[in-house]
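*Asks:* Input: one structure, supplied below.
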6 protein chains.
Amino acid sequence: MTTKNILDEQLISVVDSLSDFNSLKDVFHSTNNGLPFPSGKILREIVECCRELLFPGYFGNAFVDRNTLKYRMGVGVERLNSLLFDQILAGLCFDGKCTEEEVESKKKLAGQIASDFILMLPKMRSTLITDVIAAFNGDPAAKNYGEIILCYPTIKAVSNYRIAHALLQLGVPLIPRMISELAHSETGIDIHPGATIGDYFAIDHGTGVVIGETAIIGNHVKLYQGVTLGAKSFELDEEGNPVKGIPRHPIVEDNVVIYCNATVLGRITVGEGAVIGGNVWITHDVPKGEMVYQSAVKQSSKPTI
Amino acid sequence: MTTKNILDEQLISVVDSLSDFNSLKDVFHSTNNGLPFPSGKILREIVECCRELLFPGYFGNAFVDRNTLKYRMGVGVERLNSLLFDQILAGLCFDGKCTEEEVESKKKLAGQIASDFILMLPKMRSTLITDVIAAFNGDPAAKNYGEIILCYPTIKAVSNYRIAHALLQLGVPLIPRMISELAHSETGIDIHPGATIGDYFAIDHGTGVVIGETAIIGNHVKLYQGVTLGAKSFELDEEGNPVKGIPRHPIVEDNVVIYCNATVLGRITVGEGAVIGGNVWITHDVPKGEMVYQSAVKQSSKPTI
Amino acid sequence: MTTKNILDEQLISVVDSLSDFNSLKDVFHSTNNGLPFPSGKILREIVECCRELLFPGYFGNAFVDRNTLKYRMGVGVERLNSLLFDQILAGLCFDGKCTEEEVESKKKLAGQIASDFILMLPKMRSTLITDVIAAFNGDPAAKNYGEIILCYPTIKAVSNYRIAHALLQLGVPLIPRMISELAHSETGIDIHPGATIGDYFAIDHGTGVVIGETAIIGNHVKLYQGVTLGAKSFELDEEGNPVKGIPRHPIVEDNVVIYCNATVLGRITVGEGAVIGGNVWITHDVPKGEMVYQSAVKQSSKPTI
Amino acid sequence: MTTKNILDEQLISVVDSLSDFNSLKDVFHSTNNGLPFPSGKILREIVECCRELLFPGYFGNAFVDRNTLKYRMGVGVERLNSLLFDQILAGLCFDGKCTEEEVESKKKLAGQIASDFILMLPKMRSTLITDVIAAFNGDPAAKNYGEIILCYPTIKAVSNYRIAHALLQLGVPLIPRMISELAHSETGIDIHPGATIGDYFAIDHGTGVVIGETAIIGNHVKLYQGVTLGAKSFELDEEGNPVKGIPRHPIVEDNVVIYCNATVLGRITVGEGAVIGGNVWITHDVPKGEMVYQSAVKQSSKPTI
Amino acid sequence: MTTKNILDEQLISVVDSLSDFNSLKDVFHSTNNGLPFPSGKILREIVECCRELLFPGYFGNAFVDRNTLKYRMGVGVERLNSLLFDQILAGLCFDGKCTEEEVESKKKLAGQIASDFILMLPKMRSTLITDVIAAFNGDPAAKNYGEIILCYPTIKAVSNYRIAHALLQLGVPLIPRMISELAHSETGIDIHPGATIGDYFAIDHGTGVVIGETAIIGNHVKLYQGVTLGAKSFELDEEGNPVKGIPRHPIVEDNVVIYCNATVLGRITVGEGAVIGGNVWITHDVPKGEMVYQSAVKQSSKPTI
Amino acid sequence: MTTKNILDEQLISVVDSLSDFNSLKDVFHSTNNGLPFPSGKILREIVECCRELLFPGYFGNAFVDRNTLKYRMGVGVERLNSLLFDQILAGLCFDGKCTEEEVESKKKLAGQIASDFILMLPKMRSTLITDVIAAFNGDPAAKNYGEIILCYPTIKAVSNYRIAHALLQLGVPLIPRMISELAHSETGIDIHPGATIGDYFAIDHGTGVVIGETAIIGNHVKLYQGVTLGAKSFELDEEGNPVKGIPRHPIVEDNVVIYCNATVLGRITVGEGAVIGGNVWITHDVPKGEMVYQSAVKQSSKPTI
């Protein structure tokens, strides 16, 4: 039998403190009353809905019948359209107050973007199939494409990236970042929606991979777990705030392989076909076809740690 | 139609083996019959409840109205108090059997701790706001504070840490560790509740970060993904068990930046304003203002792996 | 009030594109109509069911009473048997079409494997208890075995591994990989079910750990977060596909410790009692009892990044 | 293992038939695309929310603390306001297509009605308390008011009626009928929201009670299970449709008792203090203070059925 | 804090008693191990699925768009087919043990029946629309067809009846009864699936209505709440068991109205256009066009109960 | 996009009114802070748990295996014991404030009652089997015992009654009434837990049946839908309150049949083997073996209603 802990005067006073708007002022959220708010839960549904449309037969109601696939795709597109509309609108309205007219025009825009996004799905499927093939070819332990789609984290992370990237290209704020964070939490792979990534892209294992906002990755590139394509320290403007939007992450050309835990920083270029060994710290260009690896380790027969 | 696989005699005998208390003896859980047991599910609710109180308008029922915020905070505090009471009591009773009198006194203690924790929330909110500002200032890709609160893993990990740390300071066993593991699983960031961390603390991306039990971190410190603030091998007592509670993790002073995948081990000091490059292995002090980075890589035009 | 975004002709045409079987052909899933499909959700239940059987009193309905433990174990075994049967069958049928006769014989096989797996549980419990002891002895911050079982990610990852490994040994395809990915997503620890791992195995923190398919690990081995036991580049067959099944991951002998973010690649041997420091890149044998660590860092008083 | 039953051509043709708008034409629902639709599920939540506001401490989170009741009432009112707004709007838009301007004006109206309804709650509570007292006084088996509130169907049915009646008075279509049907399904008591019912109203057991749209019931009236206050055959207009809105149900004055399964039909008056025995069929006025009961039964020692 | 009530020896012995097969022998359920069992939960889903197909736009995802209705109907038919198959098979296997061959032939039969049922849906929709019209025309309080479909219990009860009747005609045991009981519990209307009911059938309010297995009801019939179309005492066979399948319930011809709580028993005929007043007990034929009603009540100015 | 309806000052003032304790005073619930409160949801689980124990193989996890039935019964008894303990305690504490000592002694009592109840289950099963047989023998439409158990409302209502009656006999307040109301809502059958009912008891169809607190029913009795065994007007004490506990409902001896909608009121006796026809109103004894039925109806060829 639980004896509840009653709120006494002291705790009542905490309620007052926590309700004090001044204590919130820097982070107080300021959309108009009642404007929609993005929902992580709905975004997760959107991602699942996209996965079912992109890879029918693997996600959701798994069975695919040639006679009825069209019904499934139709209901899926309708649902996706409806869910996306609300979240895109929420993204468009997130930052700052809108007049009623602005809201109306944002509703039109949200509807247009949802449609435009859906029109990109067939192309997205064919690109993702190249990613599946890349992952399969890159892992001797894989038995078939189905296994890749069902359980390789790279497919989850890269499909979220491709969805988020498309939405960002269409001008949607916030929502793409939330979608990439869903994959980050699920897989440990953090790909910024702003990055540009070619076909046949594979990440093996993937935990700890970071790909920054302005990174550019070619075709047939393979990364291992823990690889960072990041920025060096960045410029500050006159008020000491970071300058936004400057290219500051690496360019990785076609057919590059980067081994695990390598850190590649700054707007450098890793040339076509180069190989970067694990655990290195690279802040300068790597020429085409070259291989770089860590200096020799020291060895000792007397443990020192 | 599923044809069930019936349990035959052999399987019945497994039931007997699995029910044999001897096979459990090292790990058999030994609280009194019926004493409460900590629940990961409830702890997750507690964390969500704290987040709603700390950042109203972002979590839970997202809309915040000046006229009704107080009702929400009031109901939230009442609910938090009730949930916390049960879990704190569960933590206090976890390790070993209690007499009825001990249980009664632990109930009193649990009620007191729950109240004391709630009284810390307003201060915790103001500290977490400094963490939000630090994350925003540290990422050129961030658009506004709201985006940081909604989707940056650092806020999830650090808010769980600050909650867990407060509970640990108030003397609650086990529960703080479970709360920090919730964040670890969600974000890949593993901060021991015992660590001491200053204001304006930011972790970028964060997957793979480990901060040990006795680490001390100053203000305005920034860590990147994969950074370890760990211990070297530790002392064993006469019976070969590790000696508990010895300071064994680094001290990181104000304004330090540590880049990704750097490993900093032992009770060393990283001096104020120092910068540690990525992928290094540091087991000695780093002086104030100094920068350390990895030795040059080797380069070869003939791939060797 | 939501105004729905109606599907117009353009979107209807996307439905047609997405329903085009040609666009799916490489990844179209090809089991017989209606054959069972593996379910991530059910596999999660299976893992939870195993955990409750292996560590009664910690998971599920937490309270353990000597008088009634047998009832719980009995119901648990029955439920596990039933859930496993379906998923094993789904695994057996995943790859390719079967005749009705083949399905019947796979059903018999699935039933047999489910039984055989369950018979392995008592042994699995005693092995996992050694893992609990190893984790406890390896962490001065741990207070008791219960804390290890309840919140240390190593136990989650290693118990999933031991379950998946047993199923793989019994000849089940796909399902073991899905089970190990569940742990990977939850803990950031990626252990291939094909790896061989001895007793008293502990992984500290664990995020980013990767253990490859053909790795062999002795007893009393301890790994820290970010350690990779991986493969170097692998052989391709005449058609350019990776050759499957060749031993290509390290052998780690008894009593080895590998510190965080170390990368150990290829079929090399890390000899008994060796210690590998963090952030190193190792592609050659490490002799018994030796310690290897990273070259000295460079230090500078002028920040360069 | 389930072998699915595949849709063949015949079944595909059923899909076409069921999608034929002509087959729906009489019942095709015709609101504008995307206008809100009433939800039985949300209406159930609205009723529960009202019950928690009207009888705090009995429904929802049961515990009531004097210090925090206001927070609960505040959050409840806010939630009720939000849920009601959507459903009232759905009711206002249900019947026929609206222009955008009409929708806007209906939104204003819905907001006003939701507020007006909430303002009626304190009065509704005091009326419902008289119903509780009436039920308690009318049943020797009842032990206390709490038992009445918690388990007597009369309270459920009558509170739904009072809620629905208030909404109908405020001009909301459809929603009140849906709310009264929720109680009908739960309790077997069918009170039309249009009926007028005084204070201290009690229905004992209640299954099968029907109270028609234009019935008028005084104070201190008690009905037993199966009582009908219904209409005789009604007038048809020139096109053969029933004429709407004509008073056609009984007037039951103060202090009347009607025993079980009595049927009272037509715009007749049951005078003050009258008692109607069970199983009678009454289509004419019953004078004040009179009692009416069924003719004597026939008795036989030879069973005939 | 809950102190559990531990099972002592006495309670352990109850477990033994309850596990004694002899105590179950009369009611022990005897299908083959693992054969499917009917599920009330799935049957509820089947009914909801039928309602969505029959009245699209009212149930489930409420919005109907001409462009996408076909997708919804297609997915609905596919889902219904799959759910029905399992439940029909469960019904066919419920009573008694089957050999493997019998199970196989029952699977074929179940698939055939599911298809045949679905082929009946378009006709069922047009019949149910007549029931909607009848309910609307019969109630001056109804505002439009939509209100009838959304909230009149007659539509719920009669649609369940028409579904159950179709399944019974197709030879499915048990399942039809379970479906009619779902409506009985929800509406208080108990229509046996074996009854034969014409078009334009309406039940007003409906609580307490009972329509027996062999009743035959014409077109344009209206019943009020509490009407019973039942059987008189029935014949017993030589062993004292009731003789099954004998016509024993009334025939109600076209255009009959029966008022509330009337009891009509036995294989009698209520002739075309007859009207039966409320609360009567009828066990003989009622001629065409006649009206019967209860004898005059007795009136007294001295309450006697 | 929903524009929320903001709470204005007027609505804020409603919050104050609803929080005014004076407005609640008659119905304010007055247990000690934090004492447990009965839960309808848990009582529903308790009933389901009892049904699974009483009729294994029909409810819950339906499959029954001779080898494992005992495990199921064991887990079920343990769960029932735990759920019952809390609810019985809640019932014991419902009415009025308790000192800490009283709570402790009520906890002991609750534990004792839960055990005593469980000890009654084997006997309850054998009695309920007689009820199943009675229902089967009484309905020519029934095909087997399984159908009765799975879908006849009489079994649901009577099993809830037998559970509630046992708890009432053991001295539990409130909870029994809540359990009988669960069945009332589900089936329309309202049996007061205080009634005394013999073996082989069947209610056909059942909607509208009411059996009062002091009714006594023999063996082999059958009731039809709408039958009331009720009280006439009852005595008031000097303060005008009903006198509690006086026998005021009928005694129905063995082998009686009462047809539908018959109303039998007051402490009268319906003698052995008597038959009461439908729709009658009986307030005097019916001799053994006699049959009573309604007076002849009036017939007219001119409709009068």
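Identifiers in the structure tokens: chain A, B, ... in order shown; residue index from 1 per chain; ligand index from 1 in order shown.
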Write out as a ChimeraX atom specification the residues lying within 12 Å of Lys143 of chain E, counting only C-alpha atoms and excluding same-chain residues fewer than 2 positions away.
*Replies:* /D:94-96,173-174,177,241-245 /E:133,135-141,145-152
*Asks:* With only C-alpha atoms as the counted atoms, please give the residues lying no more than 10 Å from Thr130 of chain C, apart from itself and same-chain residues fewer than 3 positions off, as a list in words.
*Replies:*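 Everything that qualifies: Asp26 of chain B; Arg125, Ser126, Thr127, Ile133, Ala134, Ala135, Phe136, Gly198, Asp199, Tyr200, Phe201, Ala202, Asn219 and His220 of chain C.
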*Asks:* Figure out the distance between atom CA of Thr154 of chain E and atom CA of Ile258 of chain D, please, to one decimal in Å.
*Replies:* 26.2 Å
*Asks:* Give as a PDB file with C-alpha atoms, in the first residue's frame every residue of chain E that touches chain C within 9 Å, counting only C-alpha atoms.
*Replies:*
ATOM      1  CA  ILE E   6       2.932 -14.957  -0.438  1.00  0.00           C
ATOM      2  CA  LEU E   7       1.470 -18.250  -1.622  1.00  0.00           C
ATOM      3  CA  ASP E   8       1.656 -20.693   1.261  1.00  0.00           C
ATOM      4  CA  GLU E   9       1.178 -24.422   1.220  1.00  0.00           C
ATOM      5  CA  ILE E  12      -0.095 -24.308  -3.505  1.00  0.00           C
ATOM      6  CA  ASP E  65     -11.803  10.606 -51.140  1.00  0.00           C
ATOM      7  CA  ASN E  67      -9.577   9.270 -55.835  1.00  0.00           C
ATOM      8  CA  THR E  68      -8.432   6.838 -53.207  1.00  0.00           C
TER       9      THR E  68
END
*Asks:* Pick out the closest residue to Gly208 of chain B from this set: B:Ile191, B:Leu168, B:Val77, B:Val286. Count only C-alpha atoms.
*Replies:* B:Ile191
*Asks:* Please identify which residues in segment 148-183 of chain B DSSP calls alpha helix (DSSP H) from the backbone, and express them as an MDAnalysis selection string.
*Replies:* chainID B and resid 148:151 153:169 175:183
*Asks:* Tell me which protein, DNA and RNA residues are within 12 Å of Leu54 of chain F, counting only C-alpha atoms, leaving out same-chain ones fewer than 3 positions away, and put them as a PyMOL selection string.
*Replies:* (chain E and resi 14-15+17-21+23-24+27-28) or (chain F and resi 47-51+57-60+72-73+76-77+118+120-129+149+155-156+159-160+162-163)
*Asks:* Residues within 6 Å of segment 251-253 of chain A, please, as number ranges by chain. Count only C-alpha atoms; anything in the same chain fewer than 6 positions from it doesn't count.
*Replies:* A: 215-218, 269-272
*Asks:* I want to know what sits within 12 Å of His284 of chain C, based on only C-alpha atoms, with residues of the same chain fewer than 2 positions away left out; could you give that as a list of chain:residue names?
*Replies:*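 Once the adjacent positions are removed, what remains is A:Ala296, A:Val297, B:Ile305, C:Ala231, C:Lys232, C:His249, C:Pro250, C:Ile251, C:Thr263, C:Val264, C:Leu265, C:Gly266, C:Arg267, C:Ile268, C:Thr269, C:Val270, C:Gly271, C:Val280, C:Trp281, C:Ile282, C:Val286, C:Pro287, C:Val292.
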*Asks:* Could the residues in this selection be saved with N, CA, C and O atoms as an mmCIF file, in the first residue's frame?
*Replies:*
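Final file, out.cif:
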data_model
loop_
_atom_site.group_PDB
_atom_site.id
_atom_site.type_symbol
_atom_site.label_atom_id
_atom_site.label_comp_id
_atom_site.auth_asym_id
_atom_site.auth_seq_id
_atom_site.Cartn_x
_atom_site.Cartn_y
_atom_site.Cartn_z
ATOM 1 N N ALA A 296 53.468 3.858 -36.432
ATOM 2 C CA ALA A 296 53.671 2.598 -35.720
ATOM 3 C C ALA A 296 53.383 2.751 -34.234
ATOM 4 O O ALA A 296 53.660 3.783 -33.635
ATOM 5 N N VAL A 297 52.833 1.719 -33.660
ATOM 6 C CA VAL A 297 52.586 1.731 -32.225
ATOM 7 C C VAL A 297 53.886 1.458 -31.476
ATOM 8 O O VAL A 297 54.844 0.968 -32.040
ATOM 9 N N ILE B 305 46.041 -2.589 -46.802
ATOM 10 C CA ILE B 305 44.988 -3.396 -46.156
ATOM 11 C C ILE B 305 43.819 -3.572 -47.109
ATOM 12 O O ILE B 305 43.637 -2.821 -48.024
ATOM 13 N N ALA C 231 37.951 -7.015 -39.806
ATOM 14 C CA ALA C 231 38.653 -7.654 -40.911
ATOM 15 C C ALA C 231 39.371 -6.600 -41.735
ATOM 16 O O ALA C 231 38.941 -5.459 -41.830
ATOM 17 N N LYS C 232 40.502 -7.016 -42.316
ATOM 18 C CA LYS C 232 41.122 -6.176 -43.333
ATOM 19 C C LYS C 232 40.340 -6.400 -44.620
ATOM 20 O O LYS C 232 39.356 -7.121 -44.661
ATOM 21 N N HIS C 249 39.024 -12.427 -38.879
ATOM 22 C CA HIS C 249 39.014 -11.544 -37.709
ATOM 23 C C HIS C 249 40.001 -12.074 -36.669
ATOM 24 O O HIS C 249 40.393 -13.246 -36.704
ATOM 25 N N PRO C 250 40.380 -11.245 -35.695
ATOM 26 C CA PRO C 250 41.438 -11.610 -34.745
ATOM 27 C C PRO C 250 41.087 -12.775 -33.817
ATOM 28 O O PRO C 250 39.929 -13.045 -33.535
ATOM 29 N N ILE C 251 42.153 -13.411 -33.338
ATOM 30 C CA ILE C 251 42.066 -14.347 -32.213
ATOM 31 C C ILE C 251 42.599 -13.624 -30.986
ATOM 32 O O ILE C 251 43.732 -13.124 -31.010
ATOM 33 N N THR C 263 41.722 -0.444 -32.664
ATOM 34 C CA THR C 263 41.239 -1.162 -33.836
ATOM 35 C C THR C 263 42.193 -2.309 -34.127
ATOM 36 O O THR C 263 43.386 -2.087 -34.378
ATOM 37 N N VAL C 264 41.670 -3.524 -34.052
ATOM 38 C CA VAL C 264 42.496 -4.712 -34.255
ATOM 39 C C VAL C 264 41.926 -5.447 -35.458
ATOM 40 O O VAL C 264 40.800 -5.927 -35.419
ATOM 41 N N LEU C 265 42.713 -5.521 -36.532
ATOM 42 C CA LEU C 265 42.150 -6.015 -37.797
ATOM 43 C C LEU C 265 42.880 -7.238 -38.324
ATOM 44 O O LEU C 265 44.108 -7.316 -38.249
ATOM 45 N N GLY C 266 42.124 -8.141 -38.911
ATOM 46 C CA GLY C 266 42.706 -9.284 -39.621
ATOM 47 C C GLY C 266 42.843 -10.501 -38.730
ATOM 48 O O GLY C 266 42.697 -10.434 -37.515
ATOM 49 N N ARG C 267 43.157 -11.628 -39.364
ATOM 50 C CA ARG C 267 43.272 -12.897 -38.616
ATOM 51 C C ARG C 267 44.599 -12.923 -37.877
ATOM 52 O O ARG C 267 45.495 -13.729 -38.156
ATOM 53 N N ILE C 268 44.804 -12.019 -36.978
ATOM 54 C CA ILE C 268 46.021 -11.966 -36.191
ATOM 55 C C ILE C 268 45.739 -12.541 -34.817
ATOM 56 O O ILE C 268 44.586 -12.806 -34.472
ATOM 57 N N THR C 269 46.782 -12.749 -34.037
ATOM 58 C CA THR C 269 46.591 -13.266 -32.686
ATOM 59 C C THR C 269 47.089 -12.258 -31.656
ATOM 60 O O THR C 269 48.214 -11.767 -31.763
ATOM 61 N N VAL C 270 46.229 -11.954 -30.687
ATOM 62 C CA VAL C 270 46.648 -11.138 -29.556
ATOM 63 C C VAL C 270 46.903 -12.128 -28.421
ATOM 64 O O VAL C 270 45.978 -12.766 -27.917
ATOM 65 N N GLY C 271 48.169 -12.262 -28.082
ATOM 66 C CA GLY C 271 48.579 -13.356 -27.193
ATOM 67 C C GLY C 271 48.079 -13.204 -25.772
ATOM 68 O O GLY C 271 47.723 -12.107 -25.317
ATOM 69 N N VAL C 280 44.702 2.736 -30.914
ATOM 70 C CA VAL C 280 45.733 2.206 -31.821
ATOM 71 C C VAL C 280 45.092 1.449 -32.972
ATOM 72 O O VAL C 280 43.927 1.061 -32.932
ATOM 73 N N TRP C 281 45.907 1.237 -33.967
ATOM 74 C CA TRP C 281 45.498 0.545 -35.206
ATOM 75 C C TRP C 281 46.457 -0.617 -35.372
ATOM 76 O O TRP C 281 47.645 -0.421 -35.631
ATOM 77 N N ILE C 282 45.964 -1.815 -35.115
ATOM 78 C CA ILE C 282 46.823 -3.004 -35.057
ATOM 79 C C ILE C 282 46.430 -3.972 -36.163
ATOM 80 O O ILE C 282 45.275 -4.399 -36.230
ATOM 81 N N VAL C 286 50.157 -9.558 -31.719
ATOM 82 C CA VAL C 286 50.717 -8.971 -30.504
ATOM 83 C C VAL C 286 51.133 -10.131 -29.612
ATOM 84 O O VAL C 286 50.305 -10.979 -29.267
ATOM 85 N N PRO C 287 52.428 -10.186 -29.273
ATOM 86 C CA PRO C 287 52.878 -11.361 -28.506
ATOM 87 C C PRO C 287 52.267 -11.406 -27.109
ATOM 88 O O PRO C 287 51.892 -10.377 -26.551
ATOM 89 N N VAL C 292 50.944 -2.824 -26.162
ATOM 90 C CA VAL C 292 51.198 -1.881 -27.258
ATOM 91 C C VAL C 292 50.366 -0.634 -27.015
ATOM 92 O O VAL C 292 49.256 -0.709 -26.505
#
*Asks:* What is the distance between atom CA of Gly277 of chain F and atom CA of Asn261 of chain E, in Å to one decimal?
*Replies:*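 These two atoms are separated by 13.5 Å.
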*Asks:* If we count only C-alpha atoms and set the cut-off at 9 Å, which residues sit around Val210 of chain C, ignoring sequence neighbours fewer than 3 positions away in its own chain? Please answer as a ChimeraX atom specification.
*Replies:* /A:205,207,225 /C:188-192,226-230
*Asks:* Please, could you write that set of residues out with C-alpha atoms as a JSON list (two decimals), in the first residue's frame?
*Replies:*
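In the end it all went to part-v9.json:
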[["chain", "number", "residue", "atom", "x", "y", "z"],
["A", 205, "HIS", "CA", 28.50, -1.31, -38.37],
["A", 207, "THR", "CA", 28.14, 3.30, -34.47],
["A", 225, "GLN", "CA", 32.16, 2.66, -37.64],
["C", 188, "GLY", "CA", 25.96, 0.38, -29.48],
["C", 189, "ILE", "CA", 27.76, -2.97, -29.13],
["C", 190, "ASP", "CA", 27.83, -5.02, -32.34],
["C", 191, "ILE", "CA", 28.82, -8.65, -31.80],
["C", 192, "HIS", "CA", 28.36, -10.94, -34.78],
["C", 226, "GLY", "CA", 34.98, 1.59, -29.32],
["C", 227, "VAL", "CA", 37.17, -1.50, -29.70],
["C", 228, "THR", "CA", 37.00, -3.11, -33.13],
["C", 229, "LEU", "CA", 37.93, -6.73, -33.77],
["C", 230, "GLY", "CA", 37.50, -6.46, -37.53]]
*Asks:* Based on DSSP run over this structure's backbone, return all residues of segment 59-218 of chain F in strand (DSSP E or B), as a list of chain:residue names.
*Replies:*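 Filtering segment 59-218 of chain F to strand (DSSP E or B) leaves F:Phe59, F:Asp190, F:Ile191, F:Thr196, F:Ile197, F:Ala202, F:Ile203, F:Asp204, F:Val210, F:Ile211, F:Ile216, F:Ile217.
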